[in-house]
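Here's the structure, in structure tokens; my notes come after.
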Amino acid sequence: MICDTSSPLEGLGKKMKYIKYLALTFLLFSPTALSNTWNDISRLNPELVGEIVQVTDESDVVNILKTIPSGKHIVISGTRHSQGGHIVYPDAIVLDMTKFNKIKSISVEEKVIIVQSGVTWGQIQTAVNHLGLSVKVMQSSNIFSVGGSLAANIHGRDPRFGPIIETVRSIKVALSTGEIVTASRKKNSDLFFAAIGGYGLLAVILEAEIELTENLSLIKNTKQINIKNYAKALTKEANELALHYVRCSFVKGKNYLRECYATNFKEIDGDSVVSKLIPEKHVKRNKTLFDLSRKSQLGKEARWSLQKNLLDKPDKQSFIDRNPAMQPPVKFLNYNSTKDTDILQEYFIPLENFSKYFDSFRQLLVKHDVNLLSITLRYLKENSESYLSYSTNDMIAAVVYINIGMDKQSISSAQKWTRELVDLSLEHGGNYYLTYQRFPTVVQFKKAYPGWKDFMIVKCKYDPKEIFRSRFYDQYLRSSYLQHSQKIKPVVNGGIGCPASQEGD
Ligand SMILES: Cc1cc2nc3c(=O)[nH]c(=O)nc-3n(C[C@H](O)[C@H](O)[C@H](O)COP(=O)(O)OP(=O)(O)OC[C@H]3O[C@@H](n4cnc5c(N)ncnc54)[C@H](O)[C@@H]3O)c2cc1C
């Protein structure tokens, strides 16, 4: 006879463990499974928040800020494509800005648009296309909110511009007190330079006044390049290009990150045009193919072959207008596996160091057997206006799309090789993009973003009670500041010791 020797209480303990496991699994794998769970697109940062508020009017934001109980925090959320705990904080009030999305005005003469911050670039494209206008700087895709884009100080594919801050005239924000103010290069400039690129830690961006350009017809041309000469050659022609990117082979083997193609778009002389904006097609087909490439070498070969023989075929000239060229397919990337996920990373390297850097970069990816799904390179003009600026020189941006497991071991391995990649970038005078996973160390963060101290001084001025808080903030900015301020004076009242002093290390 087999006896069950466990006590009823042990049985209950096991059941509780099982229920806890189920609840955690649910929490982890669904972006909004529970009403109070909030997560980003990578699904690696689930958090139980206090409340999720769908903002539809300015007064929603002001009322919350004016009545927020002491000890409560606010985290601001756009379309949730940042991936490093920027939009989550335990027990916080989440301001979901996605329905705060009106286009307030468009001036065709001045080529300027004023929008509420929940508007996406897709909405803006639709609104300005029939006026023959187009966005100057946005991401490669149009799915992101303007608020999220400003808070990350994003950059795009037009090599004549640096990050988006260059195209912003002013922003209207709600401060932590609930007061509404305008910030620009002339008025409250410290707030302007901290809120843009400030990851929602200074104020709620309500509206933005953004410069537009003409929607012109472009000639598209793809050519194979020698990656060793790429950065140098690009310096000469960057100003003549309207859009530019490079793709390199992600198929393991002798051509891995060696076989590269530059796709350039040049403006054709003529008037601005109204384009046909067609919704994304073949999503299911592209999704299936992309999934195969996650899982196998054969899938990668098939995708790369399609890429260079169909999508961006070398030495084949074609014509496209700026607006359609700035809405490439992206929906096929949506992925919901419970075992693995896709993450993005981006490294910015000064032009003169890029060639040397790229050899070592390739070697590190090979050494760690990283499941690379794509790489694109872009040109980014210097702009250091934002306190947390990454475009500190004229840079080449290397954007990598990578698949990783969601288990503890895979994540810790990804963290390890990411730190090596960040070190490599820092050794070459570069840095990395803050909008992705919190894998880099605090020391690496401080090296890459020396403006963090000045940023914290502005944070202390406008949000001394740390109403705006996030996992990202705690891990990097807050911890750096606490360490720093303890060196120069004791932390007061258990807070972070504002106002800050500029003395010290
Ligand atoms: C597939 C993919 C492609 C990408 N391509 C590019 C690219 O080409 N170029 C590039 O530069 N980046 C790129 N990114 C990164 C992306 O631009 C940033 O993560 C951006 O922040 C996403 O915008 P969002 O609306 O999803 O913002 P969210 O992720 O929702 O928020 C990002 C940050 O903005 C803050 N925020 C949001 N709204 C407001 C507001 N109204 N006021 C104040 N703060 C606010 C949040 O608190 C958070 O800190 C890409 C990301 C993905 C996943």
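Just so we're on the same page: first chain in the structure tokens is A, next is B, and so on; residues restart at 1 for each chain, and ligands are numbered from 1 in the order they show up.
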
* **Who sits within 6 Å of A:Glu207, only C-alpha atoms, same chain under 2 positions skipped, as a PyMOL selection string** => chain A and resi 115-117+171-172+205

Selection to disk with C-alpha atoms, as an mmCIF file, in the first residue's frame:
```cif
data_model
loop_
_atom_site.group_PDB
_atom_site.id
_atom_site.type_symbol
_atom_site.label_atom_id
_atom_site.label_comp_id
_atom_site.auth_asym_id
_atom_site.auth_seq_id
_atom_site.Cartn_x
_atom_site.Cartn_y
_atom_site.Cartn_z
ATOM 1 C CA VAL A 115 -0.981 68.037 -31.356
ATOM 2 C CA GLN A 116 -2.023 66.450 -28.101
ATOM 3 C CA SER A 117 0.626 64.030 -26.895
ATOM 4 C CA ILE A 171 5.741 71.915 -25.494
ATOM 5 C CA LYS A 172 2.855 72.500 -23.134
ATOM 6 C CA ILE A 205 3.652 66.553 -21.935
#
```

* To do: Identify, on the basis of only C-alpha atoms, every residue whose closest approach to A:Leu206 does not exceed 12 Å; exclude the query and any residue fewer than 2 positions from it along the same chain; express the result as a PyMOL selection string.
  => chain A and resi 55-62+76+78+95+97-104+114-119+145-148+150-151+170-175+178-183+195+200+203-204+208-209

* **Residue among A:Ile278, A:Glu427, A:Pro46, A:Val108 lying closest to A:Met326, counting only C-alpha atoms** =>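 So, comparing all the options, the nearest one is A:Ile278.
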
* Residue neighbourhood A:Lys72, 12 Å, only C-alpha atoms, exclusion window fewer than 6 positions, as a ChimeraX atom specification -> /A:49-51,64-65,89-94,176,465-470

* Please indicate the distance in Å from atom CA of A:Gly197 to atom CA of A:Ser386, rounded to one decimal place. =>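 Interatomic distance here is 6.1 Å.
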
* To do: Counting only C-alpha atoms and all ligand atoms, figure out which residue out of A:Gln444, A:Ser413, A:Gln475, A:Asn39 gets nearest to ligand 1.
  =>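 Checking each candidate against ligand 1, we get A:Asn39 as the closest.
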
* To do: Write out as number ranges by chain all residues of stretch 93-334 of chain A that DSSP puts in strand (DSSP E or B) for this structure's backbone.
  => A: 93-96, 103-107, 112-116, 120, 133-135, 145, 168-174, 180-184, 204-214, 217-225, 243-248, 260-267, 318-321

* To do: Excluding stretch 299-304 of chain A and residues on its chain fewer than 4 positions from it, collect all residues at most 10 Å away from it, counting only C-alpha atoms, and give them as a ChimeraX atom specification.
  => /A:247-252,286,288-295,308-311,372-374

* Interatomic distance between atom CA of A:Asp474 and atom CA of A:Asn188? -> 25.5 Å

* **Between atom CA of A:Ala262 and atom CA of A:Leu133, distance in Å (one decimal)** =>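 Going from atom CA of A:Ala262 over to atom CA of A:Leu133 covers 25.9 Å.
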
* If we count only C-alpha atoms, what is near stretch 455-460 of chain A at a cut-off of 12 Å, once residues fewer than 5 positions away on the same chain are taken out, given as a PyMOL selection string? -> chain A and resi 175-176+188-203+385-389+446+449-450+465-469+473+476-482+484-485+495-503

* Asked: Where in stretch 28-248 of chain A does DSSP assign helix (DSSP H, G or I), given as a PyMOL selection string?
  -> chain A and resi 28-29+58-67+121-129+146-152+164-167+189-195+230-240

* Quick one: residues within 8 Å of stretch 395-405 of chain A, only C-alpha atoms counted, chain neighbours fewer than 4 positions away excluded, as an MDAnalysis selection string? -> chainID A and resid 231 294 339:351 354 370:382 391 410:411 414

Output N, CA, C and O atoms of each residue in that selection to a file, as a short mmCIF file (atom, residue, chain, number, x, y, z; two decimals), in the first residue's frame.
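The resulting again.cif:
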```cif
data_model
loop_
_atom_site.label_atom_id
_atom_site.label_comp_id
_atom_site.auth_asym_id
_atom_site.auth_seq_id
_atom_site.Cartn_x
_atom_site.Cartn_y
_atom_site.Cartn_z
N ALA A 231 31.05 54.59 -43.10
CA ALA A 231 30.86 55.84 -42.35
C ALA A 231 31.53 57.01 -43.06
O ALA A 231 30.95 58.10 -43.17
N ARG A 294 12.96 33.38 -36.65
CA ARG A 294 13.31 33.34 -35.22
C ARG A 294 13.87 31.97 -34.84
O ARG A 294 14.73 31.83 -34.00
N LYS A 339 7.34 31.70 -24.36
CA LYS A 339 8.70 31.22 -24.05
C LYS A 339 9.78 32.23 -24.42
O LYS A 339 10.83 32.28 -23.81
N ASP A 340 9.54 32.98 -25.49
CA ASP A 340 10.58 33.90 -25.95
C ASP A 340 9.97 35.21 -26.42
O ASP A 340 8.76 35.30 -26.64
N THR A 341 10.83 36.20 -26.55
CA THR A 341 10.35 37.51 -26.96
C THR A 341 11.42 38.21 -27.80
O THR A 341 12.57 37.78 -27.81
N ASP A 342 11.01 39.27 -28.49
CA ASP A 342 11.98 40.05 -29.28
C ASP A 342 12.32 41.33 -28.53
O ASP A 342 11.41 41.99 -28.00
N ILE A 343 13.58 41.65 -28.51
CA ILE A 343 13.97 42.93 -27.90
C ILE A 343 14.78 43.74 -28.91
O ILE A 343 15.36 43.18 -29.83
N LEU A 344 14.78 45.03 -28.69
CA LEU A 344 15.59 45.91 -29.53
C LEU A 344 16.74 46.46 -28.70
O LEU A 344 16.63 46.61 -27.48
N GLN A 345 17.83 46.75 -29.38
CA GLN A 345 18.92 47.49 -28.74
C GLN A 345 19.48 48.44 -29.78
O GLN A 345 19.36 48.20 -30.98
N GLU A 346 20.11 49.51 -29.29
CA GLU A 346 20.68 50.45 -30.25
C GLU A 346 21.95 51.07 -29.66
O GLU A 346 21.98 51.48 -28.51
N TYR A 347 22.97 51.10 -30.49
CA TYR A 347 24.25 51.66 -30.08
C TYR A 347 24.61 52.81 -31.02
O TYR A 347 24.40 52.70 -32.24
N PHE A 348 25.14 53.89 -30.46
CA PHE A 348 25.50 55.07 -31.25
C PHE A 348 27.01 55.25 -31.20
O PHE A 348 27.58 55.38 -30.10
N ILE A 349 27.64 55.25 -32.39
CA ILE A 349 29.10 55.29 -32.46
C ILE A 349 29.55 56.48 -33.31
O ILE A 349 29.05 56.65 -34.43
N PRO A 350 30.49 57.30 -32.81
CA PRO A 350 30.98 58.41 -33.64
C PRO A 350 31.50 57.88 -34.98
O PRO A 350 32.15 56.82 -35.03
N LEU A 351 31.22 58.64 -36.04
CA LEU A 351 31.55 58.20 -37.41
C LEU A 351 32.97 57.65 -37.54
O LEU A 351 33.19 56.59 -38.12
N PHE A 354 33.55 54.08 -36.27
CA PHE A 354 32.57 53.04 -36.56
C PHE A 354 33.17 51.77 -37.16
O PHE A 354 32.84 50.65 -36.75
N VAL A 370 24.20 35.16 -30.38
CA VAL A 370 22.98 35.96 -30.23
C VAL A 370 22.03 35.67 -31.41
O VAL A 370 22.46 35.58 -32.55
N ASN A 371 20.75 35.49 -31.09
CA ASN A 371 19.77 35.21 -32.14
C ASN A 371 19.32 36.52 -32.80
O ASN A 371 18.25 37.07 -32.52
N LEU A 372 20.17 37.00 -33.70
CA LEU A 372 19.94 38.29 -34.36
C LEU A 372 18.91 38.14 -35.47
O LEU A 372 19.04 37.28 -36.35
N LEU A 373 17.88 39.00 -35.45
CA LEU A 373 16.82 38.90 -36.46
C LEU A 373 16.92 40.00 -37.51
O LEU A 373 16.38 39.87 -38.60
N SER A 374 17.57 41.08 -37.15
CA SER A 374 17.84 42.10 -38.16
C SER A 374 18.78 43.15 -37.59
O SER A 374 18.87 43.32 -36.37
N ILE A 375 19.46 43.81 -38.50
CA ILE A 375 20.28 44.96 -38.09
C ILE A 375 20.12 46.05 -39.14
O ILE A 375 20.15 45.77 -40.33
N THR A 376 19.90 47.26 -38.68
CA THR A 376 19.93 48.40 -39.61
C THR A 376 20.88 49.44 -39.05
O THR A 376 21.05 49.57 -37.82
N LEU A 377 21.52 50.16 -39.98
CA LEU A 377 22.41 51.24 -39.59
C LEU A 377 21.83 52.53 -40.12
O LEU A 377 21.20 52.55 -41.18
N ARG A 378 22.04 53.60 -39.39
CA ARG A 378 21.53 54.91 -39.83
C ARG A 378 22.55 55.99 -39.48
O ARG A 378 23.44 55.76 -38.67
N TYR A 379 22.32 57.15 -40.04
CA TYR A 379 23.18 58.29 -39.77
C TYR A 379 22.42 59.23 -38.84
O TYR A 379 21.24 59.51 -39.06
N LEU A 380 23.11 59.72 -37.82
CA LEU A 380 22.45 60.60 -36.86
C LEU A 380 23.30 61.83 -36.62
O LEU A 380 24.44 61.73 -36.15
N LYS A 381 22.74 62.98 -36.96
CA LYS A 381 23.49 64.23 -36.80
C LYS A 381 23.58 64.64 -35.34
O LYS A 381 22.65 64.42 -34.56
N GLU A 382 24.68 65.28 -35.00
CA GLU A 382 24.91 65.69 -33.61
C GLU A 382 23.83 66.67 -33.13
O GLU A 382 23.44 67.57 -33.85
N SER A 391 23.05 61.70 -29.00
CA SER A 391 23.65 62.12 -30.28
C SER A 391 24.71 63.18 -30.01
O SER A 391 24.59 64.32 -30.44
N SER A 410 18.12 32.71 -19.68
CA SER A 410 18.28 33.43 -20.95
C SER A 410 18.38 34.93 -20.70
O SER A 410 19.16 35.64 -21.34
N ILE A 411 17.58 35.41 -19.76
CA ILE A 411 17.60 36.86 -19.49
C ILE A 411 18.93 37.26 -18.87
O ILE A 411 19.53 38.28 -19.23
N ALA A 414 21.45 37.34 -21.61
CA ALA A 414 21.28 38.54 -22.45
C ALA A 414 21.83 39.78 -21.73
O ALA A 414 22.43 40.66 -22.34
#
```

* Asked: Which one is closest to A:Ser318: A:Lys331, A:Gly270, A:Leu218, A:Ala448? Count only C-alpha atoms.
  -> A:Leu218

Taking only residues of stretch 306-360 of chain A that have an atom at most 12 Å from an atom of stretch 123-127 of chain A, what is each one's shortest atom pair and its distance in Å to one decimal, using only C-alpha atoms, in chain and number order, as JSON lines?
```
{"residue": "A:Arg322", "atom": "CA", "partner": "A:Gln125", "partner_atom": "CA", "distance": 10.3}
{"residue": "A:Asn323", "atom": "CA", "partner": "A:Gln125", "partner_atom": "CA", "distance": 6.9}
{"residue": "A:Pro324", "atom": "CA", "partner": "A:Gln125", "partner_atom": "CA", "distance": 9.1}
{"residue": "A:Ala325", "atom": "CA", "partner": "A:Gln125", "partner_atom": "CA", "distance": 11.3}
{"residue": "A:Met326", "atom": "CA", "partner": "A:Gln125", "partner_atom": "CA", "distance": 9.0}
{"residue": "A:Gln327", "atom": "CA", "partner": "A:Gln125", "partner_atom": "CA", "distance": 8.9}
```

Could you save the residues just selected, with N, CA and C atoms, as an mmCIF file, in the first residue's frame?
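The new file again33.cif reads:
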```cif
data_model
loop_
_atom_site.group_PDB
_atom_site.id
_atom_site.type_symbol
_atom_site.label_atom_id
_atom_site.label_comp_id
_atom_site.auth_asym_id
_atom_site.auth_seq_id
_atom_site.Cartn_x
_atom_site.Cartn_y
_atom_site.Cartn_z
ATOM 1 N N ARG A 322 7.641 60.690 -49.925
ATOM 2 C CA ARG A 322 8.180 60.666 -48.560
ATOM 3 C C ARG A 322 7.200 59.999 -47.560
ATOM 4 N N ASN A 323 5.912 60.368 -47.610
ATOM 5 C CA ASN A 323 4.973 59.818 -46.617
ATOM 6 C C ASN A 323 4.855 58.294 -46.683
ATOM 7 N N PRO A 324 4.617 57.707 -47.864
ATOM 8 C CA PRO A 324 4.569 56.226 -47.896
ATOM 9 C C PRO A 324 5.910 55.590 -47.516
ATOM 10 N N ALA A 325 7.003 56.261 -47.849
ATOM 11 C CA ALA A 325 8.310 55.695 -47.484
ATOM 12 C C ALA A 325 8.508 55.706 -45.973
ATOM 13 N N MET A 326 7.750 56.597 -45.297
ATOM 14 C CA MET A 326 7.887 56.682 -43.837
ATOM 15 C C MET A 326 6.776 55.916 -43.117
ATOM 16 N N GLN A 327 6.232 54.936 -43.790
ATOM 17 C CA GLN A 327 5.295 54.038 -43.096
ATOM 18 C C GLN A 327 5.548 52.587 -43.513
#
```
